[in-house]
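The structure appears below as structure tokens.
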Amino acid sequence: MKGDAPILTVAAMRAAEQRLFDAGMPEYALMERAGAAAADIIWRAGGRRDMLLLCGPGNNGGDGYVIARLMRERGVPVRVAAMGEARTDSARQARANWGGPVEDVMTAAPAGQLVDALFGTGQSRGLDDRLAARLCELAGAATISYAIDLPSGVDSDTGALLSTIPQYGVCIAIGAFKPAHLLHPSASHAGRLICADIGIDAQSQLHRLPAPHLTMPGEQAHKYSRGLVSIVGGAMVGASLLAAQAAARSGAGMVRRVAADALRHGADAIVTQPADTATALQAFLQDDRIAALLIGPGLGLDQDAASRLHIALASSHPLILDADALTLIARDDLYAIPAGSILTPHEGEFIRLFGHLPGSKIDRALAAAARSRSVVIYKGADSVIASPDGRAYVASNGSTWLSTAGTGDVLAGLVAGRLAVTGDPFLAAAQAVWLHGDAARRCGPAFVADDLPVALPQAIAARL
């Protein structure tokens with residue numbers, strides 16, 4: 001997947017900046033570059049509307065003084081308000097170059113545009129209550145508001161809110177995205193997210209999930225070369241049927257649902273194979289052509305479900321474990337999961353499997369992937385796709401309308417289909433999460449899970 005944008009933690013961002021300084025760039029020159037990049041974005045968005053810039057004591061405030069000076073040069077009526085004196089050499093230089101009056105944040109009048117340059121990356125504690133309330137008041141009075149690098153009061157590495165923060169129209173990430181730009185709850189506090197390029201070498205194994213680049217089947221393709229998906233059904237029939245519908249529209253060549261119910265619903269191309277005994281299931285799973293095996297949607301939690309899971313785990317096929325399969329594994333043995341599998345837990349399932357791990361959602365997903373030797377899709381409004389080798393994507397194209405019954409079953413079937421097509425667990429998981437989100441967007445509001453598979457061919461067509 002190309003075009004993915006790196007995500008830098010506080011430490012990684014500081015290291016990237018240090019590489020520029022070591023190469024001979026003065027610190028203040030980088031501040032000028034950051035302020036100019038942000039000013040260009042603000043100019044395009046707000047034009048000559050009057051502006052109030054809030055500047056903190058550190059380098060984020062220094063960026064703010066640069067922005068103020070450059071916007072004034074463009075004819076924008078600009079006022080600057082600060083919390084106090086600048087405390088770094090570069091911030092002091094930026095304030096001197098601004099040269100205009102500096103008001104008190106607590107008494108400054110509002111303006112049509114508000115720019116929050118109080119605190120950025122590396123903030124470890126929240127704003128005091130009075131300042132937080134004042135920031136919310138000024139942002140609420142503005143027609144459009146901008147956060148420079150991050151909203152003041154956010155933990156950069158986790159996305160946690162350290163104090164109350166307002167809703168911003170635009171968040172301008174300086175140099176690279178930070179975890180807080182994509183992780184909730186902080187990610188929901190900006191209407192738009194734009195990255196301002198300042199020429200840093202952003203080296204990271206963490207990336208924002210990009211749109212996939214898919215390919216059409218070749219001239220010699222047939223149903224088995226395009227990938228055979230098998231789905232093990234269980235007590236709750238609807239879930240495995242939904243997964244099968246998604247897998248059938250994922251780009252895979254063939255879908256077989258192996259289940260005791262023998263029910264058929266939806267596309268006639270989906271083959272239902274009755275398997276009401278362990279022996280029957282084992283026989284069907286001996287097919288060497290199976291490119292992806294999904295178990296979990298609607299599986300159940302009784303002894304029969306556990307028996308079906310153990311048979312699937314013992315097979316040699318690439319595995320996707322979802323829903324009830326994850327709960328059963330948590331009761332049994334995490335290390336029974338074959339290396340290279342794909343796990344799709346939501347928050348509750350994740351905790352049952354791995355406990356309360358420390359760190360950000362990205363940290364927890366990566367730790368879980370390493371422990372299970374599997375690709376982990378840690379689902380939610382900010383889904384994280386983590387690989388045991390340390391790579392991770394954070395999705396930002398999801399829809400809050402996905403919080404309805406059955407959408408996880410659709411995602412599991414889509415993951416299985418993309419695994420059958422690509423043979424690469426990490427790539428398949430990333431493609432599936434993006435397509436799932438795009439299908440939801442195409443469905444609009446108030447859809448049901450049954451609508452998602454129908455939208456998948458259009459989502460796929462748009463990425464060919």
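A note on labels: chains of the structure tokens are A, B, ... as shown, every chain counts residues from 1, and ligands are counted from 1 in their shown order.
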
Sorted by chain and rising residue number, list the residues of range 342-373 of chain A at most 8 Å from range 300-322 of chain A (counting only C-alpha atoms), each with its closest atom pair and distance in Å to one decimal, as a tab-separated table.
```
residue	atom	partner	partner_atom	distance
A:Ile342	CA	A:Ile320	CA	4.7
A:Leu343	CA	A:Leu321	CA	5.0
A:Thr344	CA	A:Asp322	CA	5.3
A:Pro345	CA	A:Asp322	CA	6.7
```

For the selection just defined, write its residues with N, CA and C atoms to a file, as a CSV table (one decimal), in the first residue's frame.
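Printed below is result12.csv as written:
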```csv
chain,number,residue,atom,x,y,z
A,342,ILE,N,-4.8,-14.0,11.7
A,342,ILE,CA,-5.3,-12.6,11.9
A,342,ILE,C,-6.4,-12.6,12.9
A,343,LEU,N,-6.3,-11.8,13.9
A,343,LEU,CA,-7.2,-11.7,15.0
A,343,LEU,C,-8.0,-10.3,14.9
A,344,THR,N,-9.3,-10.3,15.2
A,344,THR,CA,-10.1,-9.1,15.0
A,344,THR,C,-10.8,-8.8,16.2
A,345,PRO,N,-10.2,-8.5,17.3
A,345,PRO,CA,-10.9,-8.2,18.6
A,345,PRO,C,-11.4,-6.8,18.7
```

Query raised in the report: Quick one: residues within 9 Å of range 78-95 of chain A, only C-alpha atoms counted, chain neighbours fewer than 3 positions away excluded, as a PyMOL selection string?
Result: chain A and resi 27-29+31-32+49-66+68-69+71-72+75+98-108+111+118

Query - Backbone-only DSSP, strand (DSSP E or B) members of range 231-292 of chain A, as a VMD selection string - result: chain A and resid 231 to 232 254 to 259 271 to 274 290 to 292

Could you make a table, as CSV, of the residues of range 199-290 of chain A that have an atom within 10 Å of an atom of range 401-425 of chain A, each with its nearest atom pair and distance in Å to one decimal, counting only C-alpha atoms, in chain and number order?
```
residue,atom,partner,partner_atom,distance
A:Leu214,CA,A:Thr422,CA,9.8
A:Pro217,CA,A:Val421,CA,9.5
A:Tyr224,CA,A:Ala420,CA,9.5
A:Ser225,CA,A:Val421,CA,8.4
A:Arg226,CA,A:Val421,CA,5.7
A:Gly227,CA,A:Ala420,CA,4.5
A:Leu228,CA,A:Ala420,CA,6.3
A:Val229,CA,A:Gly417,CA,6.3
A:Ser230,CA,A:Ala416,CA,8.5
A:Ile231,CA,A:Gly413,CA,8.1
A:Gly238,CA,A:Gly406,CA,8.5
A:Ala239,CA,A:Asp409,CA,5.8
A:Ser240,CA,A:Asp409,CA,7.1
A:Leu241,CA,A:Asp409,CA,8.7
A:Leu242,CA,A:Val410,CA,5.7
A:Ala243,CA,A:Gly413,CA,4.1
A:Ala244,CA,A:Gly413,CA,5.9
A:Gln245,CA,A:Gly413,CA,7.4
A:Ala246,CA,A:Gly413,CA,5.1
A:Ala247,CA,A:Gly413,CA,4.6
A:Ala248,CA,A:Gly417,CA,7.3
A:Arg249,CA,A:Leu414,CA,7.9
A:Ser250,CA,A:Gly417,CA,5.2
A:Gly251,CA,A:Gly417,CA,6.5
A:Ala252,CA,A:Gly417,CA,5.2
A:Gly253,CA,A:Val421,CA,8.2
A:Met254,CA,A:Gly417,CA,9.0
A:Val255,CA,A:Gly417,CA,8.4
A:Ile290,CA,A:Ala420,CA,8.1
```

Could I get the residues of range 296-371 of chain A with an atom no further than 12 Å from an atom of range 7-26 of chain A, each paired with its nearest atom pair and that distance in Å to one decimal, using only C-alpha atoms, sorted by chain and residue number, as CSV?
```
residue,atom,partner,partner_atom,distance
A:Ser360,CA,A:Thr9,CA,10.6
A:Ile362,CA,A:Thr9,CA,10.6
A:Asp363,CA,A:Thr9,CA,10.9
```

Create the file for the chosen residues now, containing N, CA and C atoms and written as a PDB file, in the first residue's frame.
```
ATOM      1  N   SER A 360      -0.473   3.422  24.734  1.00  0.00           N
ATOM      2  CA  SER A 360      -1.530   3.857  23.825  1.00  0.00           C
ATOM      3  C   SER A 360      -2.178   2.651  23.160  1.00  0.00           C
ATOM      4  N   ILE A 362      -2.065   2.031  20.095  1.00  0.00           N
ATOM      5  CA  ILE A 362      -1.049   1.508  19.177  1.00  0.00           C
ATOM      6  C   ILE A 362      -0.082   0.606  19.926  1.00  0.00           C
ATOM      7  N   ASP A 363       0.390   1.060  21.078  1.00  0.00           N
ATOM      8  CA  ASP A 363       1.305   0.243  21.887  1.00  0.00           C
ATOM      9  C   ASP A 363       0.665  -1.095  22.248  1.00  0.00           C
TER      10      ASP A 363
END
```

Query raised in the report: CA of Gly398 in chain A and CA of Val232 in chain A, how far apart in Å?
Result: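 Atom-to-atom, CA of Val232 in chain A and CA of Gly398 in chain A are spaced 27.1 Å apart.
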
Report task. Within 9 Å of Thr143 in chain A, counting only C-alpha atoms, which residues show up once you throw out same-chain ones fewer than 5 positions away? Write them as a PyMOL selection string, please. Result -> chain A and resi 111-114+169

Query - Option closest in space to Asp129 in chain A, from A:Met216, A:Ile165, A:Ala141, A:Leu150 [counting only C-alpha atoms] - result: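 Using only C-alpha atoms, Asp129 in chain A sits closest to A:Ile165.
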
Query - Which of range 206-284 of chain A fall in helix (DSSP H, G or I), as a list in words - result: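 Residues meeting the helix (DSSP H, G or I) criterion: Val237, Gly238, Ala239, Ser240, Leu241, Leu242, Ala243, Ala244, Gln245, Ala246, Ala247, Ala248, Ala278, Thr279, Ala280, Leu281, Gln282, Ala283 and Phe284 of chain A.
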
Atoms kept (N, CA and C atoms) for selection, written as a tab-separated table (two decimals), in the first residue's frame:
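Contents of the output file selection_19.tsv:
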```
chain	number	residue	atom	x	y	z
A	237	VAL	N	-26.65	-18.47	13.01
A	237	VAL	CA	-26.47	-18.63	11.57
A	237	VAL	C	-26.22	-17.29	10.87
A	238	GLY	N	-26.93	-16.25	11.27
A	238	GLY	CA	-26.86	-14.98	10.57
A	238	GLY	C	-25.46	-14.41	10.47
A	239	ALA	N	-24.65	-14.59	11.52
A	239	ALA	CA	-23.31	-14.01	11.54
A	239	ALA	C	-22.43	-14.61	10.45
A	240	SER	N	-22.43	-15.95	10.34
A	240	SER	CA	-21.60	-16.57	9.31
A	240	SER	C	-22.13	-16.30	7.91
A	241	LEU	N	-23.46	-16.11	7.79
A	241	LEU	CA	-24.02	-15.74	6.50
A	241	LEU	C	-23.56	-14.34	6.09
A	242	LEU	N	-23.54	-13.40	7.02
A	242	LEU	CA	-23.03	-12.06	6.72
A	242	LEU	C	-21.57	-12.11	6.31
A	243	ALA	N	-20.77	-12.87	7.04
A	243	ALA	CA	-19.36	-12.98	6.70
A	243	ALA	C	-19.17	-13.57	5.31
A	244	ALA	N	-19.98	-14.57	4.98
A	244	ALA	CA	-19.89	-15.20	3.66
A	244	ALA	C	-20.26	-14.21	2.56
A	245	GLN	N	-21.29	-13.39	2.80
A	245	GLN	CA	-21.69	-12.38	1.82
A	245	GLN	C	-20.55	-11.41	1.54
A	246	ALA	N	-19.86	-11.00	2.59
A	246	ALA	CA	-18.74	-10.07	2.42
A	246	ALA	C	-17.57	-10.74	1.70
A	247	ALA	N	-17.26	-11.97	2.09
A	247	ALA	CA	-16.16	-12.68	1.44
A	247	ALA	C	-16.43	-12.88	-0.04
A	248	ALA	N	-17.69	-13.14	-0.38
A	248	ALA	CA	-18.05	-13.38	-1.78
A	248	ALA	C	-17.87	-12.14	-2.64
A	278	ALA	N	-17.75	-33.47	13.90
A	278	ALA	CA	-16.34	-33.13	13.83
A	278	ALA	C	-15.67	-33.82	12.64
A	279	THR	N	-16.07	-35.06	12.39
A	279	THR	CA	-15.47	-35.80	11.28
A	279	THR	C	-15.78	-35.12	9.94
A	280	ALA	N	-17.02	-34.65	9.78
A	280	ALA	CA	-17.40	-33.99	8.54
A	280	ALA	C	-16.63	-32.69	8.37
A	281	LEU	N	-16.49	-31.94	9.45
A	281	LEU	CA	-15.75	-30.68	9.37
A	281	LEU	C	-14.29	-30.94	9.01
A	282	GLN	N	-13.69	-31.92	9.66
A	282	GLN	CA	-12.29	-32.24	9.34
A	282	GLN	C	-12.13	-32.63	7.88
A	283	ALA	N	-13.09	-33.35	7.36
A	283	ALA	CA	-13.01	-33.76	5.95
A	283	ALA	C	-13.04	-32.56	5.02
A	284	PHE	N	-13.93	-31.63	5.28
A	284	PHE	CA	-14.02	-30.45	4.41
A	284	PHE	C	-12.77	-29.58	4.51
```

Query raised in the report: Hey, what's within 9 Å of Ser124 in chain A if we count only C-alpha atoms and toss same-chain stuff fewer than 5 positions away? As a VMD selection string, please?
Result: chain A and resid 153 to 156 162

Do you know which residues are at most 12 Å from Gly444 in chain A counting only C-alpha atoms, after dropping those on the same chain fewer than 6 positions away, and could you put them as a compact mmCIF listing (two decimals) with C-alpha atoms, in the first residue's frame?
```txt
# COMPACT_ATOMS: atom_id res chain seq x y z
CA GLY A 398 -14.31 4.67 9.53
CA SER A 399 -17.93 5.68 10.07
CA THR A 400 -19.59 5.94 13.46
CA TRP A 401 -22.61 4.27 11.80
CA LEU A 402 -20.54 1.04 11.86
CA GLY A 437 -14.85 1.98 6.03
CA ASP A 438 -15.36 3.07 2.43
CA ASP A 451 -26.09 -3.27 3.27
CA LEU A 452 -22.29 -3.30 3.53
CA ALA A 455 -21.42 -1.65 -1.40
```

Report task. Please indicate the distance in Å from CA of Pro445 in chain A to CA of Tyr393 in chain A, rounded to one decimal place. Result ->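 That distance, rounded to one decimal, is 25.6 Å.
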
Query raised in the report: Near Ile148 in chain A, counting only C-alpha atoms, which residues have an atom at most 6 Å away, once you skip same-chain residues fewer than 4 positions from it, shown as a list in words?
Result: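 My reading of the contact set: Asp116, Ala117 and Ile172 of chain A.
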
Limited to N, CA and C atoms, could you put the picked residues into a file as a compact mmCIF listing (two decimals), in the first residue's frame?
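The result, written out as result.txt:
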```
# COMPACT_ATOMS: atom_id res chain seq x y z
N ASP A 116 -4.81 28.30 17.89
CA ASP A 116 -4.30 27.80 19.16
C ASP A 116 -2.87 27.31 18.95
N ALA A 117 -1.90 28.11 19.40
CA ALA A 117 -0.49 27.72 19.38
C ALA A 117 0.06 27.78 20.80
N ILE A 172 -3.67 21.35 12.28
CA ILE A 172 -2.54 21.36 11.35
C ILE A 172 -1.37 20.62 12.00
```
